[in-house]
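**Student:** Data file final12.pdb (PDB, C-alpha atoms and all ligand atoms) is appended below.
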ATOM      1  CA  MET A   1     -26.693   6.010 -17.730
ATOM      2  CA  ALA A   2     -25.666   9.497 -16.579
ATOM      3  CA  LYS A   3     -21.965  10.163 -16.481
ATOM      4  CA  LEU A   4     -20.257   9.715 -13.119
ATOM      5  CA  ASN A   5     -18.284  12.451 -11.423
ATOM      6  CA  LEU A   6     -14.863  10.962 -10.668
ATOM      7  CA  ALA A   7     -12.125  12.385  -8.412
ATOM      8  CA  ILE A   8      -8.584  11.044  -8.123
ATOM      9  CA  TYR A   9      -6.222  12.187  -5.373
ATOM     10  CA  TRP A  10      -2.565  11.479  -4.522
ATOM     11  CA  SER A  11      -1.699  11.556  -0.822
ATOM     12  CA  ALA A  12       1.384  10.013   0.914
ATOM     13  CA  SER A  13       2.593   7.655  -1.815
ATOM     14  CA  CYS A  14       5.200   7.347  -4.562
ATOM     15  CA  GLY A  15       2.874   8.250  -7.443
ATOM     16  CA  GLY A  16       2.865   4.720  -8.874
ATOM     17  CA  CYS A  17      -0.897   4.438  -8.304
ATOM     18  CA  ASP A  18      -1.543   7.412 -10.595
ATOM     19  CA  VAL A  19       0.697   5.833 -13.223
ATOM     20  CA  ALA A  20      -1.172   2.520 -12.799
ATOM     21  CA  ILE A  21      -4.401   4.265 -13.823
ATOM     22  CA  LEU A  22      -2.733   5.264 -17.095
ATOM     23  CA  ASP A  23      -1.413   1.685 -17.500
ATOM     24  CA  ILE A  24      -4.927   0.552 -18.403
ATOM     25  CA  ASN A  25      -4.120   2.000 -21.870
ATOM     26  CA  GLU A  26      -7.128   2.181 -24.213
ATOM     27  CA  LYS A  27      -9.490   1.365 -21.333
ATOM     28  CA  ILE A  28      -8.870   4.944 -20.170
ATOM     29  CA  LEU A  29     -11.167   5.907 -23.094
ATOM     30  CA  GLN A  30     -13.928   3.906 -21.409
ATOM     31  CA  VAL A  31     -13.274   5.938 -18.244
ATOM     32  CA  ALA A  32     -13.757   9.101 -20.314
ATOM     33  CA  GLU A  33     -17.027   7.677 -21.684
ATOM     34  CA  ILE A  34     -18.510   6.845 -18.296
ATOM     35  CA  ALA A  35     -17.074   9.616 -16.136
ATOM     36  CA  ASP A  36     -16.240  13.292 -15.974
ATOM     37  CA  ILE A  37     -13.018  13.765 -14.060
ATOM     38  CA  VAL A  38     -13.812  16.607 -11.678
ATOM     39  CA  PHE A  39     -10.556  16.523  -9.665
ATOM     40  CA  TRP A  40      -7.167  14.982 -10.535
ATOM     41  CA  PRO A  41      -4.392  17.387  -9.473
ATOM     42  CA  ILE A  42      -1.538  15.339 -10.973
ATOM     43  CA  ALA A  43      -3.106  15.516 -14.455
ATOM     44  CA  LEU A  44      -5.084  18.767 -14.594
ATOM     45  CA  ASP A  45      -4.955  22.139 -12.884
ATOM     46  CA  PHE A  46      -7.526  21.592 -10.166
ATOM     47  CA  LYS A  47      -7.220  23.436  -6.869
ATOM     48  CA  ARG A  48      -8.531  22.701  -3.414
ATOM     49  CA  HIS A  49     -11.013  25.589  -3.600
ATOM     50  CA  HIS A  50     -12.624  23.887  -6.619
ATOM     51  CA  VAL A  51     -13.449  20.898  -4.403
ATOM     52  CA  GLU A  52     -14.574  23.128  -1.530
ATOM     53  CA  ALA A  53     -17.071  24.778  -3.896
ATOM     54  CA  MET A  54     -18.672  21.442  -4.862
ATOM     55  CA  GLU A  55     -21.972  20.288  -3.364
ATOM     56  CA  ASP A  56     -21.661  17.593  -0.701
ATOM     57  CA  LYS A  57     -21.893  14.078  -2.249
ATOM     58  CA  SER A  58     -21.623  15.506  -5.765
ATOM     59  CA  ILE A  59     -18.591  13.313  -6.530
ATOM     60  CA  ASP A  60     -19.780   9.768  -7.279
ATOM     61  CA  VAL A  61     -16.457   8.012  -6.762
ATOM     62  CA  CYS A  62     -13.173   9.231  -5.303
ATOM     63  CA  LEU A  63     -10.087   7.089  -5.934
ATOM     64  CA  PHE A  64      -7.790   8.136  -3.075
ATOM     65  CA  ASN A  65      -4.238   6.805  -3.250
ATOM     66  CA  GLY A  66      -1.625   7.217  -0.528
ATOM     67  CA  ALA A  67      -1.548   7.081   3.232
ATOM     68  CA  VAL A  68      -2.280  10.025   5.534
ATOM     69  CA  ARG A  69       0.727  11.543   7.277
ATOM     70  CA  THR A  70       0.308  15.330   7.125
ATOM     71  CA  SER A  71      -2.394  17.769   8.192
ATOM     72  CA  GLU A  72      -3.024  18.684   4.542
ATOM     73  CA  GLN A  73      -3.600  15.037   3.590
ATOM     74  CA  GLU A  74      -5.966  14.603   6.529
ATOM     75  CA  GLU A  75      -7.911  17.741   5.526
ATOM     76  CA  MET A  76      -8.121  16.540   1.900
ATOM     77  CA  ALA A  77      -9.322  13.100   3.011
ATOM     78  CA  GLU A  78     -12.061  14.735   5.101
ATOM     79  CA  LEU A  79     -12.987  17.189   2.338
ATOM     80  CA  LEU A  80     -13.178  14.511  -0.359
ATOM     81  CA  ARG A  81     -15.125  12.250   1.993
ATOM     82  CA  ALA A  82     -17.741  14.974   2.476
ATOM     83  CA  LYS A  83     -18.025  15.569  -1.277
ATOM     84  CA  SER A  84     -18.043  11.876  -2.351
ATOM     85  CA  LYS A  85     -20.692   9.180  -2.349
ATOM     86  CA  ALA A  86     -18.078   6.398  -2.515
ATOM     87  CA  MET A  87     -14.564   6.685  -1.160
ATOM     88  CA  VAL A  88     -12.141   4.118  -2.567
ATOM     89  CA  ALA A  89      -8.792   3.343  -0.922
ATOM     90  CA  PHE A  90      -6.699   2.869  -4.054
ATOM     91  CA  GLY A  91      -3.442   0.950  -3.613
ATOM     92  CA  SER A  92      -1.510  -0.418  -0.646
ATOM     93  CA  CYS A  93      -0.749   2.937   1.026
ATOM     94  CA  ALA A  94      -4.399   4.030   1.258
ATOM     95  CA  HIS A  95      -5.542   0.451   1.959
ATOM     96  CA  LEU A  96      -3.032  -0.498   4.675
ATOM     97  CA  GLY A  97      -0.580   2.371   5.202
ATOM     98  CA  GLY A  98       1.921   0.995   2.678
ATOM     99  CA  ILE A  99       5.626   1.731   2.480
ATOM    100  CA  PRO A 100       5.226   5.228   4.063
ATOM    101  CA  GLY A 101       3.710   3.399   7.044
ATOM    102  CA  LEU A 102       7.095   1.851   7.829
ATOM    103  CA  SER A 103       7.989   5.168   9.415
ATOM    104  CA  ASN A 104       5.693   4.178  12.290
ATOM    105  CA  PHE A 105       8.869   2.458  13.497
ATOM    106  CA  THR A 106      10.090   5.974  14.229
ATOM    107  CA  ASN A 107       8.599   9.481  14.623
ATOM    108  CA  ARG A 108       8.739  12.930  13.065
ATOM    109  CA  ALA A 109      11.897  14.036  14.910
ATOM    110  CA  GLU A 110      13.878  10.948  13.882
ATOM    111  CA  THR A 111      12.489  11.038  10.333
ATOM    112  CA  PHE A 112      13.520  14.692   9.908
ATOM    113  CA  GLU A 113      16.958  13.984  11.435
ATOM    114  CA  ARG A 114      17.550  11.182   8.926
ATOM    115  CA  ALA A 115      16.027  12.880   5.867
ATOM    116  CA  PHE A 116      17.308  16.437   6.297
ATOM    117  CA  ILE A 117      20.558  16.045   8.284
ATOM    118  CA  GLU A 118      22.070  12.551   8.168
ATOM    119  CA  ALA A 119      21.248  11.461   4.618
ATOM    120  CA  GLN A 120      24.381  11.222   2.492
ATOM    121  CA  SER A 121      22.736  13.282  -0.241
ATOM    122  CA  CYS A 122      21.974  16.200   2.156
ATOM    123  CA  ASP A 123      23.873  19.492   2.147
ATOM    124  CA  ASN A 124      22.350  21.246   5.153
ATOM    125  CA  PRO A 125      25.156  22.768   7.283
ATOM    126  CA  ASP A 126      22.706  24.907   9.313
ATOM    127  CA  LYS A 127      20.596  21.816  10.097
ATOM    128  CA  THR A 128      17.435  23.558   8.909
ATOM    129  CA  LEU A 129      14.295  21.482   9.392
ATOM    130  CA  PRO A 130      10.838  22.040   7.864
ATOM    131  CA  GLN A 131       8.650  24.371   9.968
ATOM    132  CA  THR A 132       4.894  24.809   9.765
ATOM    133  CA  MET A 133       5.391  28.609   9.655
ATOM    134  CA  THR A 134       8.413  30.513   8.273
ATOM    135  CA  LYS A 135       8.770  34.316   8.149
ATOM    136  CA  VAL A 136      10.277  35.706   4.962
ATOM    137  CA  ALA A 137      10.480  39.266   3.606
ATOM    138  CA  GLU A 138       7.256  38.774   1.655
ATOM    139  CA  GLY A 139       5.271  37.494   4.655
ATOM    140  CA  GLU A 140       4.693  34.072   6.226
ATOM    141  CA  LEU A 141       5.082  30.740   4.456
ATOM    142  CA  GLU A 142       2.983  27.860   5.673
ATOM    143  CA  LEU A 143       3.670  24.120   5.402
ATOM    144  CA  PRO A 144       1.347  21.300   6.486
ATOM    145  CA  GLU A 145       2.084  19.690   9.843
ATOM    146  CA  PHE A 146       4.014  16.413   9.535
ATOM    147  CA  TYR A 147       2.513  13.863  11.919
ATOM    148  CA  ASP A 148       4.395  11.343  14.051
ATOM    149  CA  THR A 149       2.161   8.497  12.898
ATOM    150  CA  VAL A 150       1.123   7.389   9.398
ATOM    151  CA  LYS A 151      -2.455   6.169   8.944
ATOM    152  CA  ALA A 152      -4.353   4.186   6.335
ATOM    153  CA  LEU A 153      -7.297   6.028   4.752
ATOM    154  CA  ASP A 154      -9.992   4.229   6.767
ATOM    155  CA  GLN A 155      -8.258   5.216   9.991
ATOM    156  CA  VAL A 156      -9.153   8.808   9.075
ATOM    157  CA  VAL A 157     -12.481   8.641   7.183
ATOM    158  CA  ASP A 158     -15.070   6.017   6.245
ATOM    159  CA  VAL A 159     -14.179   4.043   3.115
ATOM    160  CA  GLU A 160     -16.569   2.084   0.871
ATOM    161  CA  TYR A 161     -14.147   0.037  -1.272
ATOM    162  CA  TYR A 162     -10.519  -1.078  -1.305
ATOM    163  CA  ILE A 163      -8.320  -1.697  -4.335
ATOM    164  CA  PRO A 164      -5.152  -3.450  -3.109
ATOM    165  CA  GLY A 165      -1.697  -3.565  -4.637
ATOM    166  CA  CYS A 166       1.536  -1.639  -4.947
ATOM    167  CA  PRO A 167       0.406  -0.528  -7.414
ATOM    168  CA  PRO A 168      -3.013  -2.063  -8.217
ATOM    169  CA  THR A 169      -2.853  -4.331 -11.263
ATOM    170  CA  VAL A 170      -4.387  -3.480 -14.637
ATOM    171  CA  PRO A 171      -6.928  -6.378 -14.530
ATOM    172  CA  ILE A 172      -8.206  -5.212 -11.136
ATOM    173  CA  ILE A 173      -8.454  -1.553 -12.197
ATOM    174  CA  SER A 174     -10.289  -2.734 -15.340
ATOM    175  CA  GLN A 175     -12.649  -4.765 -13.141
ATOM    176  CA  VAL A 176     -13.410  -1.607 -11.133
ATOM    177  CA  VAL A 177     -13.992   0.431 -14.317
ATOM    178  CA  ASP A 178     -16.404  -2.266 -15.559
ATOM    179  CA  ALA A 179     -18.246  -2.263 -12.214
ATOM    180  CA  LEU A 180     -18.580   1.530 -12.398
ATOM    181  CA  ALA A 181     -19.701   1.403 -16.053
ATOM    182  CA  THR A 182     -22.478  -1.103 -15.356
ATOM    183  CA  GLY A 183     -23.421   0.341 -11.975
ATOM    184  CA  GLN A 184     -22.891  -3.127 -10.498
ATOM    185  CA  LEU A 185     -20.720  -2.266  -7.548
ATOM    186  CA  PRO A 186     -20.082  -4.976  -4.958
ATOM    187  CA  PRO A 187     -21.174  -4.655  -1.294
ATOM    188  CA  VAL A 188     -19.649  -1.845   0.741
ATOM    189  CA  GLY A 189     -16.415  -2.986   2.388
ATOM    190  CA  THR A 190     -15.319  -5.121  -0.588
ATOM    191  CA  VAL A 191     -11.617  -5.502  -1.226
ATOM    192  CA  PHE A 192     -11.181  -6.069  -4.966
ATOM    193  CA  GLY A 193      -9.092  -9.223  -5.409
ATOM    194  CA  SER A 194      -9.370 -12.893  -4.537
ATOM    195  CA  ASP A 195     -11.000 -14.269  -1.395
ATOM    196  CA  LYS A 196      -8.125 -16.734  -1.042
ATOM    197  CA  ALA A 197      -4.430 -16.514  -0.215
ATOM    198  CA  LEU A 198      -1.929 -15.981  -3.016
ATOM    199  CA  CYS A 199      -0.546 -19.528  -2.597
ATOM    200  CA  ASP A 200      -3.889 -20.802  -3.960
ATOM    201  CA  GLU A 201      -3.293 -19.154  -7.348
ATOM    202  CA  CYS A 202       0.473 -19.735  -7.442
ATOM    203  CA  PRO A 203       1.424 -22.265 -10.119
ATOM    204  CA  ARG A 204       4.589 -23.472  -8.342
ATOM    205  CA  THR A 205       4.995 -27.038  -7.046
ATOM    206  CA  LYS A 206       4.624 -27.421  -3.294
ATOM    207  CA  GLU A 207       6.176 -30.503  -1.704
ATOM    208  CA  GLU A 208       5.550 -29.719   1.969
ATOM    209  CA  LYS A 209       9.305 -29.524   2.337
ATOM    210  CA  LYS A 210      10.844 -28.091   5.510
ATOM    211  CA  ILE A 211      13.778 -25.686   5.494
ATOM    212  CA  THR A 212      17.005 -25.353   7.490
ATOM    213  CA  LYS A 213      18.270 -22.051   6.061
ATOM    214  CA  ILE A 214      16.742 -18.740   5.016
ATOM    215  CA  TYR A 215      18.126 -16.957   1.968
ATOM    216  CA  ARG A 216      17.723 -13.400   0.793
ATOM    217  CA  PRO A 217      16.585 -13.256  -2.853
ATOM    218  CA  HIS A 218      20.015 -12.211  -4.134
ATOM    219  CA  GLU A 219      21.811 -15.099  -2.381
ATOM    220  CA  ILE A 220      20.496 -17.952  -4.555
ATOM    221  CA  ILE A 221      18.929 -18.490  -7.971
ATOM    222  CA  PRO A 222      15.710 -20.309  -7.129
ATOM    223  CA  ASP A 223      14.210 -23.151  -9.135
ATOM    224  CA  PRO A 224      11.449 -21.365 -11.146
ATOM    225  CA  GLU A 225       9.086 -24.339 -10.853
ATOM    226  CA  LYS A 226       9.171 -24.833  -7.073
ATOM    227  CA  CYS A 227       7.701 -22.946  -4.140
ATOM    228  CA  LEU A 228      10.063 -20.162  -3.106
ATOM    229  CA  LEU A 229       9.292 -20.574   0.586
ATOM    230  CA  GLU A 230      10.272 -24.250   0.397
ATOM    231  CA  GLN A 231      13.580 -23.113  -1.138
ATOM    232  CA  GLY A 232      14.241 -20.936   1.923
ATOM    233  CA  ILE A 233      13.222 -17.569   0.447
ATOM    234  CA  ILE A 234      10.640 -15.679   2.493
ATOM    235  CA  CYS A 235       7.606 -15.432   0.243
ATOM    236  CA  MET A 236       4.564 -13.760   1.815
ATOM    237  CA  GLY A 237       2.142 -15.857  -0.298
ATOM    238  CA  PRO A 238       0.561 -17.737   2.635
ATOM    239  CA  ALA A 239      -0.306 -14.437   4.364
ATOM    240  CA  THR A 240      -1.321 -12.364   1.322
ATOM    241  CA  ARG A 241      -4.612 -11.925  -0.527
ATOM    242  CA  GLY A 242      -4.534 -13.388  -4.037
ATOM    243  CA  GLY A 243      -5.772 -11.612  -7.143
ATOM    244  CA  CYS A 244      -2.561 -10.227  -8.628
ATOM    245  CA  GLU A 245      -2.055 -13.351 -10.785
ATOM    246  CA  ALA A 246       1.165 -13.991  -8.813
ATOM    247  CA  ARG A 247       3.014 -11.386 -10.857
ATOM    248  CA  CYS A 248       6.174 -11.262  -8.693
ATOM    249  CA  ILE A 249       6.341 -15.066  -8.537
ATOM    250  CA  ALA A 250       6.211 -15.141 -12.347
ATOM    251  CA  ALA A 251       9.384 -13.024 -12.325
ATOM    252  CA  ASN A 252      11.024 -15.571  -9.933
ATOM    253  CA  MET A 253      10.786 -13.085  -7.066
ATOM    254  CA  PRO A 254       9.007 -13.702  -3.759
ATOM    255  CA  CYS A 255       5.712 -12.046  -2.897
ATOM    256  CA  ARG A 256       6.288  -9.099  -0.560
ATOM    257  CA  GLY A 257       2.664  -8.918   0.546
ATOM    258  CA  CYS A 258       1.329  -5.818  -1.211
ATOM    259  CA  PHE A 259      -2.260  -7.108  -1.486
ATOM    260  CA  GLY A 260      -2.505  -7.240   2.304
ATOM    261  CA  PRO A 261      -3.869 -10.063   4.421
ATOM    262  CA  PRO A 262      -6.411 -12.559   3.059
ATOM    263  CA  PRO A 263      -9.988 -12.435   4.416
ATOM    264  CA  GLY A 264     -10.188 -13.515   8.041
ATOM    265  CA  VAL A 265      -6.577 -12.602   8.826
ATOM    266  CA  THR A 266      -6.205  -9.491  10.968
ATOM    267  CA  ASP A 267      -2.434  -9.371  11.231
ATOM    268  CA  GLN A 268      -0.488 -10.229   8.084
ATOM    269  CA  GLY A 269       2.929 -10.299   9.775
ATOM    270  CA  ALA A 270       1.833 -12.574  12.620
ATOM    271  CA  HIS A 271       0.141 -14.901  10.114
ATOM    272  CA  MET A 272       3.332 -15.084   8.046
ATOM    273  CA  LEU A 273       5.481 -15.744  11.131
ATOM    274  CA  SER A 274       3.200 -18.627  12.004
ATOM    275  CA  ALA A 275       3.416 -20.017   8.422
ATOM    276  CA  LEU A 276       7.199 -19.688   8.466
ATOM    277  CA  ALA A 277       7.573 -21.326  11.890
ATOM    278  CA  SER A 278       5.553 -24.301  10.666
ATOM    279  CA  ILE A 279       8.081 -25.175   7.949
ATOM    280  CA  LEU A 280      11.338 -24.760   9.905
ATOM    281  CA  ASP A 281      13.204 -28.036  10.301
ATOM    282  CA  VAL A 282      15.194 -27.036  13.377
ATOM    283  CA  THR A 283      14.819 -27.841  17.060
ATOM    284  CA  GLU A 284      18.063 -26.661  18.693
ATOM    285  CA  ASP A 285      18.061 -23.150  20.153
ATOM    286  CA  GLU A 286      21.255 -22.196  18.327
ATOM    287  CA  ASP A 287      19.782 -23.204  14.955
ATOM    288  CA  ILE A 288      16.614 -21.218  15.668
ATOM    289  CA  ALA A 289      18.770 -18.197  16.629
ATOM    290  CA  ARG A 290      20.842 -18.601  13.435
ATOM    291  CA  MET A 291      17.739 -18.713  11.234
ATOM    292  CA  THR A 292      16.249 -15.731  13.035
ATOM    293  CA  ASP A 293      19.457 -13.837  12.281
ATOM    294  CA  GLU A 294      19.162 -14.864   8.628
ATOM    295  CA  ILE A 295      16.037 -12.694   8.329
ATOM    296  CA  ALA A 296      17.771  -9.389   7.609
ATOM    297  CA  ASP A 297      14.855  -7.058   8.414
ATOM    298  CA  PRO A 298      12.066  -8.990  10.172
ATOM    299  CA  ALA A 299       9.727  -6.058  10.874
ATOM    300  CA  GLY A 300      10.209  -4.606   7.394
ATOM    301  CA  THR A 301       9.756  -8.035   5.822
ATOM    302  CA  PHE A 302       6.579  -9.060   7.626
ATOM    303  CA  TYR A 303       4.959  -5.603   7.840
ATOM    304  CA  ARG A 304       6.308  -4.001   4.648
ATOM    305  CA  PHE A 305       2.908  -2.773   3.460
ATOM    306  CA  GLY A 306       0.645  -2.973   6.504
ATOM    307  CA  LEU A 307       2.285  -1.653   9.658
ATOM    308  CA  PRO A 308      -0.300   1.135  10.343
ATOM    309  CA  THR A 309      -3.149  -1.406  10.186
ATOM    310  CA  ALA A 310      -1.354  -4.199  12.093
ATOM    311  CA  MET A 311      -2.305  -5.106  15.662
ATOM    312  CA  MET A 312       0.803  -3.328  16.921
ATOM    313  CA  ASN A 313       0.787  -0.403  14.548
ATOM    314  CA  ARG A 314       3.737   1.647  15.713
ATOM    315  CA  ARG A 315       6.825   1.542  17.901
ATOM    316  CA  ARG A 316       6.424   3.126  21.332
ATOM    317  CA  MET A 317       8.860   6.020  21.461
TER     318      MET A 317
HETATM  319  S1  LIG A 401       4.867 -19.372  -0.739
HETATM  320 FE1  LIG A 401       5.098 -18.105  -2.585
HETATM  321  S2  LIG A 401       6.084 -19.442  -4.087
HETATM  322 FE2  LIG A 401       5.269 -20.751  -2.456
HETATM  323  S3  LIG A 401       3.241 -21.360  -3.164
HETATM  324 FE3  LIG A 401       2.956 -19.533  -1.896
HETATM  325  S4  LIG A 401       3.015 -17.804  -3.339
HETATM  326 FE4  LIG A 401       3.884 -19.604  -4.399
HETATM  327  S1  LIG A 402       3.086 -11.296  -5.765
HETATM  328 FE1  LIG A 402       2.714 -10.277  -3.763
HETATM  329  S2  LIG A 402       3.996  -8.423  -3.799
HETATM  330 FE2  LIG A 402       3.819  -9.176  -5.925
HETATM  331  S3  LIG A 402       2.040  -8.068  -6.784
HETATM  332 FE3  LIG A 402       1.260 -10.005  -5.956
HETATM  333  S4  LIG A 402       0.606  -9.520  -3.843
HETATM  334 FE4  LIG A 402       1.940  -7.842  -4.530
END
Please express the file's structure as structure tokens.
Ligand code: SF4
Ligand code: SF4

**Tutor:**
Amino acid sequence: MAKLNLAIYWSASCGGCDVAILDINEKILQVAEIADIVFWPIALDFKRHHVEAMEDKSIDVCLFNGAVRTSEQEEMAELLRAKSKAMVAFGSCAHLGGIPGLSNFTNRAETFERAFIEAQSCDNPDKTLPQTMTKVAEGELELPEFYDTVKALDQVVDVEYYIPGCPPTVPIISQVVDALATGQLPPVGTVFGSDKALCDECPRTKEEKKITKIYRPHEIIPDPEKCLLEQGIICMGPATRGGCEARCIAANMPCRGCFGPPPGVTDQGAHMLSALASILDVTEDEDIARMTDEIADPAGTFYRFGLPTAMMNRRRM
């Protein structure tokens, strides 16, 4: 089989997805056997003009990690789309918008105010904010435009495959490498992972117990054998695609939902709210209000990884 041309790009994300690729350890040698890496700016000195010079569709697979929030990221998504046969949304930010997508609760002006003026670590007495064009003695400096709204990759360009996770797990990346090596790629639109909710692969005992109090993870030490949700800790398992082998649960921590909604669920947060409401053992208004207050950050809890792709995907400013 001819070697594949592989591109890897880092957009609006923390960089963990690039590290996750290296986490596959010796399997990276198999990647080298089956593919020539033609673009991977974090690892090798590739420039944008190298991609521009490529023939359209000359890249076989592009693993694109990160959401799209600047004009440069949008241009790179469009450029790589034109040059690639298969575009893969790699990781939660490209798949769903991810943690950067939480800034859809605000806009550029408020984000800049917080990041460059209010933040305790800032020393910016002149309140200088990033500009798209700045004149200096040597000429003009240009920065990409920072958009008000963060988007998932498929809200900008067509995407063939999705690899979920923050970051994707080693077994799933290995599964993708094997699929590439054998040429046996699944149908377009496939999300690598389980077709069931995480609760289906969770080994914890479920007793269909109702709850009267919600705890944050640091407030109690949960029983490691029993369902976290039934102990009052919000675990996103009922509203999250399985396939990660319940790795957070194994560390006695609740699922935060990074694999996105299971098949058939359009809105992960609404699905989780419904699951949570069904196990509350309260009827009085004051108890419902108290439990609502016990959820410290409802929007951030239920839409931590998927706000840009949720039914209501940003706050109206
Ligand atoms: S809610 Fe969480 S702890 Fe409970 S069964 Fe589902 S994944 Fe496991
Ligand atoms: S348990 Fe949930 S948050 Fe943790 S890796 Fe799995 S899907 Fe992601």

**Student:** Exactly which residues make up the result of the PyMOL selection byres (((not hetatm)) within 8 of (chain A and resi 401)) on this file, given as a ChimeraX atom specification?

**Tutor:** /A:198-206,226-230,234-238,246,249,254-255

**Student:** Taking all atoms listed in the file into account, which residues are within 6 Å of ligand LIG 402 (chain A), as a PyMOL selection string?

**Tutor:** chain A and resi 165+244+246-249+255-259

**Student:** Go ahead and compute the interatomic distance for atom CA of Arg114 of chain A and atom CA of Tyr147 of chain A, in Å to one decimal.

**Tutor:**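 We find that atom CA of Arg114 of chain A and atom CA of Tyr147 of chain A lie 15.6 Å from each other.
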
**Student:** At a cut-off of 9 Å, using all atoms listed in the file, what residues contact Pro217 of chain A? Leave out same-chain residues fewer than 3 positions from it and give the result as a PyMOL selection string.

**Tutor:** chain A and resi 220-222+233-234+253-254

**Student:** Nearest to Leu4 of chain A among A:Leu22, A:Ala109, A:Ala53, A:Ala181, with distances taken over only C-alpha atoms: which residue is it?

**Tutor:**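 Smallest separation from Leu4 of chain A among the options: A:Ala181.
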
**Student:** Would you mind telling me which residue in A:Ala86, A:Leu96, A:Val157, A:Val265 lies nearest to Glu74 of chain A when using only C-alpha atoms?

**Tutor:** A:Val157

**Student:** For this file, the PyMOL selection byres (((chain A and resi 17) around 7) and not hetatm) selects which residues, as a PyMOL selection string?

**Tutor:** chain A and resi 15-16+18-21+65+91+167-168

**Student:** I'd like to know which of A:Ala119, A:Met312, A:Ala197, A:Leu276 is closest to Pro262 of chain A, using all atoms listed in the file.

**Tutor:**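 Using all atoms listed in the file, the shortest distance to Pro262 of chain A belongs to A:Ala197.
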
**Student:** Quick one: pull the distance between atom CA of Trp40 of chain A and atom CA of Gly193 of chain A, Å, one decimal.

**Tutor:**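 Atom CA of Gly193 of chain A lies at a distance of 24.8 Å from atom CA of Trp40 of chain A.
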
**Student:** Pull the neighbourhood of (-2.4, -4.4, 8.8) for me: all residues within 10 Å in file coordinates, counting only C-alpha atoms, as JSON, numbers by chain.

**Tutor:** {"A": [95, 96, 97, 98, 152, 260, 261, 265, 266, 267, 268, 269, 270, 303, 304, 305, 306, 307, 308, 309, 310, 311, 312, 313]}

**Student:** Have a look at atom CA of Phe112 of chain A and atom CA of Phe146 of chain A and let me know their distance in Å, one decimal.

**Tutor:**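 Separation between atom CA of Phe112 of chain A and atom CA of Phe146 of chain A: 9.7 Å.
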
**Student:** Kindly list the centre and edge lengths in Å, rounded to one decimal, for the axis-aligned box that covers all listed atoms of segment 167-186 of chain A plus 6 Å on each of its six sides, as lines of an AutoDock Vina configuration file.

**Tutor:**
center_x = -11.5
center_y = -2.4
center_z = -10.5
size_x = 35.8
size_y = 19.9
size_z = 23.1

**Student:** Show me a table, sorted first by chain and then by increasing residue number, of the residues of segment 143-199 of chain A having an atom at most 12 Å from segment 121-131 of chain A, each with its shortest atom pair and the distance in Å to one decimal, counting all atoms listed in the file and written as a tab-separated table.

**Tutor:**
residue	atom	partner	partner_atom	distance
A:Leu143	CA	A:Gln131	CA	6.8
A:Pro144	CA	A:Gln131	CA	8.7
A:Glu145	CA	A:Gln131	CA	8.1
A:Phe146	CA	A:Pro130	CA	9.0

**Student:** To verify the selection step, state as a ChimeraX atom specification which residues the PyMOL selection byres (((chain A and resi 189) around 12) and not hetatm) yields on this input.

**Tutor:** /A:86-89,95,154,158-163,185-188,190-192,263

**Student:** Could you check the closest approach to Ala77 of chain A for each of A:Val156, A:Val136, A:Ala250, A:Ala239 and tell me which residue wins, using all atoms listed in the file?

**Tutor:**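 Looking at the shortest contact to Ala77 of chain A, the residue is A:Val156.
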
**Student:** If you count all atoms listed in the file, which residues fall within 10 Å of Met54 of chain A, apart from same-chain ones fewer than 6 positions away, as a list of chain:residue names?

**Tutor:**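 Answer for this query is A:Val38, A:Leu80, A:Ala82, A:Lys83, A:Ser84.
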
**Student:** Under the rule that only C-alpha atoms are counted, which of A:Glu72, A:Arg81, A:Ile295, A:Ile34 is the nearest residue to Val51 of chain A?

**Tutor:**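 Of all the options, A:Arg81 lies closest to Val51 of chain A.
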
**Student:** Which of these, A:Gly264, A:Gly243, A:Gly66, A:Gly101, has the shortest distance to Ser194 of chain A once you count all atoms listed in the file?

**Tutor:**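 Ranking A:Gly264, A:Gly243, A:Gly66, A:Gly101 by distance to Ser194 of chain A, first place goes to A:Gly243.
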